[in-house]
>>> print(open('run-v3.cif').read())   # mmCIF, C-alpha atoms
data_entry
#
loop_
_atom_site.label_atom_id
_atom_site.label_comp_id
_atom_site.auth_asym_id
_atom_site.auth_seq_id
_atom_site.Cartn_x
_atom_site.Cartn_y
_atom_site.Cartn_z
CA ASN R 261 75.52 -21.66 10.84
CA ASP R 262 75.08 -25.08 9.33
CA ILE R 263 71.44 -25.06 10.44
CA LEU R 264 70.84 -21.60 8.94
CA ASP R 265 72.38 -22.68 5.66
CA LYS R 266 70.09 -25.68 5.24
CA VAL R 267 67.83 -25.40 2.21
CA PHE R 268 64.12 -26.15 2.25
CA PHE R 269 62.01 -25.55 -0.86
CA HIS R 270 64.80 -23.60 -2.58
CA ASN R 271 65.39 -21.24 0.40
CA THR R 272 67.67 -21.43 3.38
CA ILE R 273 66.42 -21.24 6.91
CA GLN R 274 68.19 -17.91 7.20
CA ASN R 275 66.10 -16.56 4.29
CA TYR R 276 62.92 -17.74 5.98
CA LEU R 277 63.94 -16.08 9.24
CA ILE R 278 64.75 -12.84 7.46
CA ALA R 279 61.34 -12.89 5.75
CA VAL R 280 59.51 -13.64 9.00
CA GLY R 281 61.55 -11.02 10.85
CA PHE R 282 60.76 -8.45 8.18
CA ILE R 283 57.03 -9.20 8.50
CA LEU R 284 57.13 -8.96 12.30
CA LEU R 285 59.16 -5.74 12.26
CA GLY R 286 56.88 -4.24 9.61
CA PHE R 287 53.76 -5.17 11.57
CA LEU R 288 55.24 -3.65 14.75
CA ILE R 289 56.10 -0.41 12.98
CA ILE R 290 52.64 -0.21 11.37
CA GLY R 291 50.98 -0.96 14.72
CA PHE R 292 53.03 1.74 16.46
CA PHE R 293 52.15 4.23 13.70
CA LYS R 294 48.47 3.31 14.01
CA ARG R 295 48.25 3.49 17.81
CA SER R 296 50.49 6.47 18.49
CA ILE R 297 50.80 8.79 15.53
CA LEU R 298 47.54 8.20 13.64
CA THR R 299 45.44 8.30 16.82
CA ARG R 300 46.86 11.71 17.74
CA ILE R 301 46.25 12.99 14.23
CA ALA R 302 42.64 11.77 14.46
CA ARG R 303 42.14 13.69 17.73
CA LEU R 304 43.50 16.87 16.16
CA ALA R 305 41.25 16.39 13.12
CA GLN R 306 38.19 16.21 15.36
CA LYS R 307 38.89 19.74 16.59
CA THR R 308 38.89 21.36 13.14
CA ASN R 309 35.86 22.79 11.36
CA THR R 310 36.37 20.88 8.11
CA ASN R 311 35.57 17.24 7.38
CA ILE R 312 38.35 16.70 4.83
CA ASP R 313 41.02 15.92 7.42
CA ASN R 314 38.64 13.52 9.17
CA PHE R 315 38.06 11.77 5.86
CA LEU R 316 41.81 11.51 5.20
CA VAL R 317 42.44 9.98 8.61
CA GLU R 318 39.56 7.55 8.20
CA SER R 319 40.82 6.59 4.73
CA VAL R 320 44.26 5.83 6.15
CA TYR R 321 42.63 3.67 8.85
CA ARG R 322 40.37 1.77 6.46
CA TYR R 323 42.55 1.51 3.35
CA GLY R 324 46.07 2.76 4.04
CA ILE R 325 46.83 0.47 6.98
CA PRO R 326 45.59 -2.71 5.24
CA ALA R 327 47.59 -1.71 2.14
CA LEU R 328 50.74 -1.38 4.29
CA TYR R 329 50.19 -4.83 5.80
CA ILE R 330 49.74 -6.32 2.33
CA ALA R 331 52.86 -4.55 1.07
CA VAL R 332 54.98 -5.88 3.96
CA VAL R 333 53.83 -9.45 3.37
CA TYR R 334 54.37 -9.14 -0.38
CA ILE R 335 57.93 -7.77 0.00
CA ALA R 336 58.80 -10.52 2.47
CA LEU R 337 57.46 -13.26 0.19
CA ASP R 338 59.10 -11.69 -2.84
CA TYR R 339 62.44 -11.94 -1.04
CA LEU R 340 62.05 -15.72 -1.03
CA LEU R 341 62.58 -17.91 -4.05
CA LEU R 342 59.11 -19.34 -4.58
CA PRO R 343 57.86 -21.78 -7.19
CA ARG R 344 56.39 -20.08 -10.25
CA ARG R 345 52.82 -21.15 -9.49
CA LEU R 346 53.04 -20.01 -5.86
CA HIS R 347 54.67 -16.76 -6.93
CA ASN R 348 51.85 -16.15 -9.41
CA ILE R 349 49.28 -16.81 -6.68
CA VAL R 350 50.99 -14.27 -4.40
CA VAL R 351 51.08 -11.66 -7.18
CA LEU R 352 47.44 -12.35 -8.04
CA ALA R 353 46.28 -12.11 -4.43
CA THR R 354 48.24 -8.90 -3.87
CA THR R 355 46.92 -7.31 -7.07
CA VAL R 356 43.33 -8.23 -6.25
CA ALA R 357 43.62 -6.93 -2.68
CA ILE R 358 45.20 -3.61 -3.75
CA THR R 359 42.62 -3.17 -6.53
CA ILE R 360 39.74 -3.70 -4.09
CA LEU R 361 41.23 -1.17 -1.67
CA VAL R 362 41.69 1.41 -4.44
CA ILE R 363 38.11 0.88 -5.66
CA ARG R 364 36.73 1.33 -2.17
CA LEU R 365 38.88 4.43 -1.66
CA LEU R 366 37.53 5.97 -4.88
CA SER R 367 33.96 5.12 -3.87
CA SER R 368 34.41 6.72 -0.44
CA THR R 369 36.02 9.81 -1.96
CA ILE R 370 33.15 10.32 -4.41
CA LEU R 371 30.63 9.79 -1.60
CA LEU R 372 32.40 12.43 0.51
CA MET R 373 32.39 14.92 -2.36
CA LEU R 374 28.68 14.35 -2.99
CA ARG R 375 27.86 14.75 0.69
CA ALA R 376 29.87 17.97 0.89
CA TYR R 377 28.07 19.29 -2.20
CA ILE R 378 24.62 18.33 -0.94
CA HIS R 379 25.16 19.56 2.63
CA GLY R 380 25.57 23.05 1.22
CA GLN R 381 22.03 23.00 -0.20
CA ASP R 382 18.71 23.51 1.52
CA ASN R 383 17.51 20.49 3.50
CA GLY R 384 20.91 18.88 3.02
CA GLU R 385 20.38 16.26 5.69
CA GLU R 386 17.28 14.94 3.94
CA LYS R 387 19.03 14.88 0.57
CA VAL R 388 21.95 12.87 1.93
CA LYS R 389 19.49 10.06 2.73
CA GLN R 390 18.68 9.83 -0.97
CA LEU R 391 22.26 9.15 -2.04
CA GLY R 392 21.70 5.38 -2.06
CA GLY R 393 20.54 5.18 -5.69
CA ILE R 394 23.28 7.50 -6.94
CA MET R 395 26.01 5.61 -5.09
CA LEU R 396 24.70 2.26 -6.36
CA ILE R 397 25.13 3.39 -9.95
CA ILE R 398 28.52 4.99 -9.26
CA ASN R 399 29.77 1.85 -7.50
CA ILE R 400 28.70 -0.31 -10.44
CA ILE R 401 30.71 1.92 -12.80
CA ILE R 402 33.76 2.04 -10.50
CA TRP R 403 33.76 -1.70 -9.90
CA GLY R 404 33.37 -2.37 -13.62
CA ILE R 405 36.33 -0.17 -14.50
CA GLY R 406 38.33 -1.63 -11.61
CA LEU R 407 37.71 -5.23 -12.69
CA LEU R 408 38.68 -4.43 -16.29
CA THR R 409 41.87 -2.78 -15.04
CA LEU R 410 42.59 -5.81 -12.86
CA LEU R 411 42.16 -8.19 -15.81
CA ASP R 412 44.41 -6.00 -17.94
CA ASN R 413 47.12 -5.99 -15.26
CA LEU R 414 46.90 -9.78 -15.02
CA GLY R 415 47.69 -10.05 -18.72
CA TYR R 416 44.25 -10.71 -20.12
CA ASP R 417 43.13 -9.03 -23.35
CA VAL R 418 40.21 -6.81 -22.30
CA THR R 419 39.67 -5.36 -25.79
CA THR R 420 37.32 -8.18 -26.71
CA VAL R 421 35.51 -7.80 -23.39
CA VAL R 422 35.09 -4.04 -23.88
CA ALA R 423 33.84 -4.55 -27.44
CA GLY R 424 31.38 -7.18 -26.24
CA LEU R 425 30.17 -4.87 -23.48
CA GLY R 426 29.72 -2.08 -26.02
CA ILE R 427 27.56 -4.20 -28.32
CA GLY R 428 25.68 -5.65 -25.37
CA GLY R 429 25.20 -2.16 -23.95
CA ILE R 430 23.61 -0.97 -27.18
CA ALA R 431 21.28 -3.95 -27.23
CA VAL R 432 20.33 -3.41 -23.60
CA ALA R 433 19.79 0.30 -24.19
CA LEU R 434 17.42 -0.39 -27.07
CA ALA R 435 15.52 -3.01 -25.09
CA ALA R 436 15.28 -0.94 -21.92
CA GLN R 437 14.68 2.60 -23.13
CA ASN R 438 11.96 3.27 -20.58
CA ILE R 439 14.08 2.00 -17.69
CA LEU R 440 17.09 4.06 -18.77
CA GLY R 441 14.82 7.06 -19.23
CA ASP R 442 13.56 6.72 -15.66
CA LEU R 443 17.15 6.30 -14.48
CA PHE R 444 18.25 9.46 -16.27
CA ASN R 445 15.28 11.38 -14.86
CA TYR R 446 16.24 10.14 -11.38
CA PHE R 447 19.50 12.08 -11.80
CA VAL R 448 17.47 15.08 -13.01
CA ILE R 449 15.25 14.94 -9.91
CA PHE R 450 18.22 14.42 -7.59
CA PHE R 451 20.33 17.31 -8.86
CA ASP R 452 17.67 19.76 -10.13
CA ARG R 453 15.42 19.22 -7.06
CA PRO R 454 11.95 20.08 -8.43
CA PHE R 455 10.65 18.38 -5.29
CA GLU R 456 12.01 16.53 -2.27
CA VAL R 457 10.87 13.96 0.23
CA GLY R 458 8.25 15.60 2.47
CA ASP R 459 7.03 18.11 -0.13
CA PHE R 460 3.30 18.39 -0.85
CA ILE R 461 2.86 18.27 -4.62
CA VAL R 462 -0.02 18.20 -7.08
CA ILE R 463 0.40 16.32 -10.37
CA ASP R 464 -2.53 16.75 -12.72
CA GLU R 465 -5.46 15.61 -10.53
CA LYS R 466 -3.33 13.68 -8.02
CA ALA R 467 -2.01 15.24 -4.82
CA GLY R 468 0.02 14.04 -1.85
CA VAL R 469 3.26 14.14 0.10
CA VAL R 470 6.44 12.77 -1.50
CA ASP R 471 7.33 9.63 0.45
CA LYS R 472 10.29 8.22 -1.49
CA ILE R 473 12.36 9.04 -4.58
CA GLY R 474 13.61 5.83 -6.19
CA VAL R 475 15.89 5.00 -9.11
CA LYS R 476 12.96 4.12 -11.37
CA THR R 477 9.82 5.22 -9.53
CA SER R 478 8.86 7.72 -6.86
CA ARG R 479 6.16 7.25 -4.21
CA VAL R 480 3.61 9.84 -3.16
CA LYS R 481 1.29 9.35 -0.19
CA SER R 482 -2.11 10.78 -1.09
CA LEU R 483 -4.36 12.70 1.27
CA SER R 484 -6.72 9.74 1.48
CA GLY R 485 -3.90 7.48 2.65
CA GLU R 486 -3.06 5.28 -0.33
CA GLN R 487 0.35 5.29 -2.00
CA LEU R 488 0.65 6.67 -5.53
CA VAL R 489 3.53 5.32 -7.63
CA PHE R 490 4.84 7.46 -10.50
CA SER R 491 7.65 6.68 -12.91
CA ASN R 492 10.37 9.32 -12.81
CA SER R 493 9.79 10.08 -16.50
CA ASP R 494 6.12 10.85 -15.84
CA LEU R 495 7.06 13.22 -13.04
CA THR R 496 9.65 15.19 -15.01
CA ASN R 497 7.29 15.43 -18.00
CA SER R 498 4.37 16.70 -15.89
CA ARG R 499 3.50 20.11 -14.53
CA ILE R 500 4.12 19.80 -10.80
CA HIS R 501 2.67 22.20 -8.24
CA ASN R 502 5.03 22.15 -5.26
CA TYR R 503 3.22 23.74 -2.32
CA LYS R 504 6.14 23.16 0.05
CA ARG R 505 8.11 25.85 -1.78
CA MET R 506 5.30 28.35 -1.36
CA GLU R 507 6.43 31.07 1.05
CA GLN R 508 2.99 32.66 1.39
CA ARG R 509 -0.55 31.86 0.30
CA ARG R 510 -2.80 34.34 -1.53
CA ILE R 511 -6.44 34.07 -0.41
CA LEU R 512 -9.43 35.46 -2.29
CA PHE R 513 -12.95 35.04 -0.94
CA LYS R 514 -16.31 36.74 -1.35
CA ILE R 515 -19.25 37.60 0.87
CA GLY R 516 -22.66 38.93 -0.02
CA VAL R 517 -25.03 41.17 1.91
CA THR R 518 -28.68 41.89 1.26
CA TYR R 519 -29.96 44.67 -0.98
CA GLN R 520 -31.73 46.17 2.04
CA THR R 521 -28.34 47.18 3.54
CA PRO R 522 -28.16 51.00 3.93
CA TYR R 523 -25.71 52.97 1.78
CA ALA R 524 -23.77 54.27 4.77
CA THR R 525 -23.27 50.74 6.11
CA LEU R 526 -22.02 49.53 2.71
CA GLN R 527 -19.33 52.23 2.83
CA GLU R 528 -18.14 50.98 6.23
CA ILE R 529 -17.81 47.29 5.29
CA PRO R 530 -14.40 47.47 3.45
CA ALA R 531 -12.75 49.22 6.41
CA LEU R 532 -14.31 46.71 8.82
CA LEU R 533 -12.97 43.78 6.76
CA LYS R 534 -9.48 45.35 6.72
CA THR R 535 -9.53 45.69 10.51
CA ILE R 536 -10.56 42.06 10.96
CA ILE R 537 -7.78 40.77 8.68
CA ASP R 538 -5.12 43.00 10.25
CA GLU R 539 -5.96 41.55 13.67
CA GLN R 540 -4.54 38.16 12.62
CA GLU R 541 -0.85 37.56 13.35
CA THR R 542 0.07 35.67 10.19
CA THR R 543 -1.78 37.74 7.57
CA ARG R 544 -1.09 40.69 5.30
CA TYR R 545 -4.10 42.66 4.07
CA ASP R 546 -4.30 43.42 0.36
CA ARG R 547 -7.75 44.78 -0.52
CA ALA R 548 -11.52 44.63 0.06
CA HIS R 549 -14.01 46.08 -2.44
CA PHE R 550 -17.71 46.23 -3.19
CA SER R 551 -17.20 44.30 -6.41
CA SER R 552 -20.55 43.59 -8.04
CA TYR R 553 -24.32 43.43 -7.93
CA GLY R 554 -25.34 39.80 -7.67
CA ASP R 555 -28.66 38.21 -8.45
CA SER R 556 -29.70 38.36 -4.81
CA SER R 557 -26.76 40.04 -3.03
CA LEU R 558 -24.34 42.93 -2.95
CA ASP R 559 -20.99 41.19 -3.38
CA PHE R 560 -17.71 42.12 -1.67
CA GLU R 561 -14.36 40.65 -2.78
CA ILE R 562 -11.56 40.33 -0.22
CA VAL R 563 -7.88 39.47 -0.83
CA TYR R 564 -5.21 38.85 1.78
CA TYR R 565 -2.02 36.80 2.23
CA VAL R 566 -1.25 34.12 4.79
CA LEU R 567 2.45 34.36 5.65
CA SER R 568 2.87 30.59 5.80
CA SER R 569 2.74 27.68 3.37
CA ASP R 570 1.07 25.39 5.92
CA TYR R 571 -2.48 24.58 4.83
CA ASN R 572 -3.64 24.08 8.42
CA VAL R 573 -2.39 27.55 9.34
CA TYR R 574 -4.39 28.99 6.44
CA MET R 575 -7.56 27.20 7.51
CA ASP R 576 -7.17 28.35 11.11
CA VAL R 577 -6.77 31.96 9.97
CA GLN R 578 -9.72 31.78 7.59
CA GLN R 579 -11.88 30.33 10.33
CA LYS R 580 -10.99 33.18 12.71
CA ILE R 581 -11.75 35.73 10.01
CA ASN R 582 -15.10 34.14 9.18
CA LEU R 583 -16.14 34.08 12.84
CA ARG R 584 -15.12 37.71 13.36
CA ILE R 585 -17.03 38.81 10.25
CA PHE R 586 -20.13 36.97 11.45
CA LYS R 587 -19.87 38.53 14.91
CA GLU R 588 -19.31 42.09 13.67
CA PHE R 589 -22.10 41.88 11.08
CA GLU R 590 -24.44 40.59 13.77
CA LEU R 591 -23.59 43.53 16.06
CA ILE R 592 -24.06 46.10 13.31
CA GLY R 593 -27.18 44.47 11.95
CA ILE R 594 -25.89 43.51 8.51
CA ASP R 595 -27.69 40.54 6.99
CA PHE R 596 -25.88 38.01 4.82
CA ALA R 597 -27.62 37.44 1.52
CA PHE R 598 -28.84 34.07 0.37
CA PRO R 599 -30.50 33.11 -2.91
CA THR R 600 -34.00 34.58 -3.00
CA ARG R 601 -36.71 34.98 -5.61
CA THR R 602 -39.61 37.42 -5.58
CA VAL R 603 -42.80 36.22 -7.30
CA PHE R 604 -45.59 38.64 -8.27
CA TRP R 605 -49.09 37.08 -8.42
CA ALA R 606 -51.62 38.77 -10.69
CA ASN R 607 -55.41 38.64 -9.91
CA GLN R 608 -56.91 37.06 -13.02
CA GLU R 609 -60.50 38.09 -12.15
CA GLN R 610 -59.56 41.75 -11.86
CA GLU R 611 -57.68 41.50 -15.11
CA LYS R 612 -60.82 40.20 -16.82
CA GLU R 613 -62.96 43.03 -15.38
CA ALA R 614 -60.45 45.62 -16.37
CA THR R 615 -60.29 44.33 -19.94
CA PRO R 616 -62.80 46.23 -22.17
CA ALA R 617 -65.33 44.12 -24.09
CA PRO R 618 -64.98 44.03 -27.87
CA HIS R 619 -67.46 46.12 -29.94
CA ASN R 620 -69.75 44.40 -32.36
CA ARG R 621 -69.79 45.85 -35.76
#
>>> encode(input="run-v3.cif", output="structure tokens")
Amino acid sequence: NDILDKVFFHNTIQNYLIAVGFILLGFLIIGFFKRSILTRIARLAQKTNTNIDNFLVESVYRYGIPALYIAVVYIALDYLLLPRRLHNIVVLATTVAITILVIRLLSSTILLMLRAYIHGQDNGEEKVKQLGGIMLIINIIIWGIGLLTLLDNLGYDVTTVVAGLGIGGIAVALAAQNILGDLFNYFVIFFDRPFEVGDFIVIDEKAGVVDKIGVKTSRVKSLSGEQLVFSNSDLTNSRIHNYKRMEQRRILFKIGVTYQTPYATLQEIPALLKTIIDEQETTRYDRAHFSSYGDSSLDFEIVYYVLSSDYNVYMDVQQKINLRIFKEFELIGIDFAFPTRTVFWANQEQEKEATPAPHNR
């Protein structure tokens, strides 16, 4: 008993043993909870159809367990009579650690909510890959608020800091209007989804496949291979043709036959063109008409739909149609027209002989 009652640094040995025993017991209980109870809960969560329970279990693993360890150590140290400076260090360290855990928990929760929202949209997996820019901005905001809260809890006057940030924010906003505009338009592109990575788009006279959507700029890989870089503001202010969203492609083309084609054969051509188009698997026939008299041809106008947005599919279908038209016209004896010009030569000598001589008066 005399040994336990001895005082070292304002605490008896018994007090130190109680604090150490409390830490050991707390760590044992937390370890048992983690290995036995939480592991079983995690296995049960894996069998459910929702991801919320998985997120809760993971949050307890990543943030709840460390918070429990910190709480046990803090309670044990608070039981002891510590010097003021050491006590302040313990309070500061505990506050900082808990604040960091809370900030990370908020960040993970927001990320989960965004993923759940985006997964419900079309091409959700591809959109999740673009969350990096959004989460960077959200984390900056969360960490800023968290640090201000931490300073306030530590007794610092954050009013001056907030006022300074407000004035500085206005100055930065005025100096970086274009950057903030691109940043705002990044949110517009992300949530409104006028285009996505992998879409083939045409902007004015530029065309290509969207390669990356960034916080300030977006990259488009052109058909010739080079990378086109657009600011997000330019993209949202432009008229964008998004061919990836096209469910079907309307095709209009014309052919011309010679004026020597018989009337009966001209009547058969529209039905023949319809048959050729209907033979294709990915087409829907619309119309075929003898549309006009050209300078050197009788013109037919044909319209059909390709039931695919893929440009290569369209070209394959058009090629098959062109070959079939050529083959059928060759069998029937229909000649394709090409630009021709008929020139009539007059015999000048005969014209002179045929012209009567003037009478002399």
>>> residues_around(input="run-v3.cif", residues="Ile511 in chain R", least_positions_apart="2", cutoff="7 Å", atoms="all atoms listed in the file", output="PyMOL selection string")
chain R and resi 509+513+563-565
>>> resolve_selection(input="run-v3.cif", expression="the PyMOL selection byres ((chain R and resi 519) around 7)", output="list in words")
Val517, Thr518, Gln520, Thr521, Ser557 and Leu558 of chain R
>>> resolve_selection(input="run-v3.cif", expression="the PyMOL selection byres ((chain R and resi 304-313) around 12)", output="list in words")
Ile297, Leu298, Thr299, Arg300, Ile301, Ala302, Arg303, Asn314, Phe315, Leu316, Val317, Glu318, Ser319, Val320, Ser368, Thr369, Leu372, Met373, Arg375, Ala376 and His379 of chain R
>>> closest_residue(input="run-v3.cif", among="R:Val573, R:Ile536, R:Ile398, R:Val469", to="Gln508 in chain R", atoms="all atoms listed in the file")
R:Val573
>>> closest_residue(input="run-v3.cif", among="R:Tyr545, R:Trp605, R:Tyr321, R:Phe550", to="Arg295 in chain R", atoms="only C-alpha atoms")
R:Tyr321
>>> closest_residue(input="run-v3.cif", among="R:Arg345, R:Val603, R:Val462, R:Asp452", to="Tyr503 in chain R", atoms="all atoms listed in the file")
R:Val462
>>> closest_residue(input="run-v3.cif", among="R:Lys294, R:Arg453, R:Arg499, R:Lys514", to="Leu328 in chain R", atoms="only C-alpha atoms")
R:Lys294
>>> residues_near_point(input="run-v3.cif", point="(59.9, -9.1, 10.1)", cutoff="12 Å", atoms="all atoms listed in the file", output="list in words")
Asn275, Tyr276, Leu277, Ile278, Ala279, Val280, Gly281, Phe282, Ile283, Leu284, Leu285, Gly286, Phe287, Leu288, Ile289, Ile290, Tyr329, Val332, Val333, Tyr334, Ile335, Ala336, Leu337 and Tyr339 of chain R
>>> resolve_selection(input="run-v3.cif", expression="the PyMOL selection byres ((chain R and resi 537) around 12)", output="PyMOL selection string")
chain R and resi 511+530-536+538-548+562-566+577-585
>>> residues_around(input="run-v3.cif", residues="Ile360 in chain R", least_positions_apart="4", cutoff="9 Å", atoms="all atoms listed in the file", output="list in words")
Thr355, Val356, Arg364, Leu365, Trp403, Gly406 and Leu407 of chain R
>>> atom_distance(input="run-v3.cif", atom1="CA of Lys472 in chain R", atom2="CA of Asp442 in chain R")
14.6 Å
>>> decode(input="run-v3.cif", residues="range 557-576 of chain R", atoms="N, CA, C and O atoms", output="mmCIF file, in the first residue's frame")
data_model
loop_
_atom_site.group_PDB
_atom_site.id
_atom_site.type_symbol
_atom_site.label_atom_id
_atom_site.label_comp_id
_atom_site.auth_asym_id
_atom_site.auth_seq_id
_atom_site.Cartn_x
_atom_site.Cartn_y
_atom_site.Cartn_z
ATOM 1 N N SER R 557 -29.879 14.398 -116.267
ATOM 2 C CA SER R 557 -30.321 13.160 -115.625
ATOM 3 C C SER R 557 -31.746 13.298 -115.129
ATOM 4 O O SER R 557 -32.262 14.407 -114.922
ATOM 5 N N LEU R 558 -32.381 12.149 -114.953
ATOM 6 C CA LEU R 558 -33.665 12.043 -114.270
ATOM 7 C C LEU R 558 -33.355 11.641 -112.832
ATOM 8 O O LEU R 558 -32.841 10.551 -112.580
ATOM 9 N N ASP R 559 -33.647 12.531 -111.887
ATOM 10 C CA ASP R 559 -33.162 12.388 -110.517
ATOM 11 C C ASP R 559 -34.189 11.707 -109.621
ATOM 12 O O ASP R 559 -35.378 12.069 -109.623
ATOM 13 N N PHE R 560 -33.698 10.741 -108.826
ATOM 14 C CA PHE R 560 -34.512 10.057 -107.817
ATOM 15 C C PHE R 560 -33.948 10.401 -106.429
ATOM 16 O O PHE R 560 -32.723 10.423 -106.229
ATOM 17 N N GLU R 561 -34.847 10.668 -105.493
ATOM 18 C CA GLU R 561 -34.456 10.989 -104.116
ATOM 19 C C GLU R 561 -34.924 9.869 -103.191
ATOM 20 O O GLU R 561 -36.104 9.492 -103.212
ATOM 21 N N ILE R 562 -33.996 9.352 -102.387
ATOM 22 C CA ILE R 562 -34.282 8.208 -101.521
ATOM 23 C C ILE R 562 -34.002 8.601 -100.065
ATOM 24 O O ILE R 562 -32.995 9.252 -99.774
ATOM 25 N N VAL R 563 -34.897 8.206 -99.164
ATOM 26 C CA VAL R 563 -34.738 8.470 -97.727
ATOM 27 C C VAL R 563 -34.970 7.175 -96.956
ATOM 28 O O VAL R 563 -35.958 6.474 -97.212
ATOM 29 N N TYR R 564 -34.049 6.871 -96.058
ATOM 30 C CA TYR R 564 -34.239 5.725 -95.168
ATOM 31 C C TYR R 564 -33.540 6.018 -93.840
ATOM 32 O O TYR R 564 -32.821 7.017 -93.704
ATOM 33 N N TYR R 565 -33.756 5.163 -92.851
ATOM 34 C CA TYR R 565 -33.167 5.330 -91.523
ATOM 35 C C TYR R 565 -32.272 4.144 -91.193
ATOM 36 O O TYR R 565 -32.652 2.987 -91.440
ATOM 37 N N VAL R 566 -31.107 4.447 -90.640
ATOM 38 C CA VAL R 566 -30.238 3.411 -90.088
ATOM 39 C C VAL R 566 -30.515 3.328 -88.598
ATOM 40 O O VAL R 566 -30.400 4.328 -87.882
ATOM 41 N N LEU R 567 -30.888 2.164 -88.118
ATOM 42 C CA LEU R 567 -31.311 1.997 -86.726
ATOM 43 C C LEU R 567 -30.106 1.833 -85.803
ATOM 44 O O LEU R 567 -30.054 0.921 -84.965
ATOM 45 N N SER R 568 -29.137 2.716 -85.957
ATOM 46 C CA SER R 568 -27.937 2.700 -85.125
ATOM 47 C C SER R 568 -27.273 4.066 -85.233
ATOM 48 O O SER R 568 -27.364 4.727 -86.267
ATOM 49 N N SER R 569 -26.620 4.477 -84.149
ATOM 50 C CA SER R 569 -25.898 5.750 -84.170
ATOM 51 C C SER R 569 -24.446 5.586 -84.614
ATOM 52 O O SER R 569 -23.751 6.580 -84.819
ATOM 53 N N ASP R 570 -24.001 4.348 -84.796
ATOM 54 C CA ASP R 570 -22.615 4.092 -85.163
ATOM 55 C C ASP R 570 -22.380 4.501 -86.625
ATOM 56 O O ASP R 570 -23.062 4.027 -87.530
ATOM 57 N N TYR R 571 -21.402 5.362 -86.838
ATOM 58 C CA TYR R 571 -21.126 5.846 -88.198
ATOM 59 C C TYR R 571 -20.632 4.724 -89.097
ATOM 60 O O TYR R 571 -20.963 4.681 -90.289
ATOM 61 N N ASN R 572 -19.851 3.814 -88.556
ATOM 62 C CA ASN R 572 -19.347 2.691 -89.355
ATOM 63 C C ASN R 572 -20.482 1.784 -89.818
ATOM 64 O O ASN R 572 -20.453 1.256 -90.935
ATOM 65 N N VAL R 573 -21.474 1.591 -88.947
ATOM 66 C CA VAL R 573 -22.638 0.792 -89.342
ATOM 67 C C VAL R 573 -23.360 1.468 -90.510
ATOM 68 O O VAL R 573 -23.761 0.810 -91.485
ATOM 69 N N TYR R 574 -23.525 2.783 -90.418
ATOM 70 C CA TYR R 574 -24.170 3.521 -91.510
ATOM 71 C C TYR R 574 -23.411 3.352 -92.826
ATOM 72 O O TYR R 574 -24.002 3.091 -93.873
ATOM 73 N N MET R 575 -22.084 3.491 -92.774
ATOM 74 C CA MET R 575 -21.303 3.374 -94.003
ATOM 75 C C MET R 575 -21.353 1.966 -94.573
ATOM 76 O O MET R 575 -21.392 1.792 -95.802
ATOM 77 N N ASP R 576 -21.366 0.967 -93.722
ATOM 78 C CA ASP R 576 -21.483 -0.412 -94.215
ATOM 79 C C ASP R 576 -22.824 -0.622 -94.919
ATOM 80 O O ASP R 576 -22.893 -1.253 -95.987
#
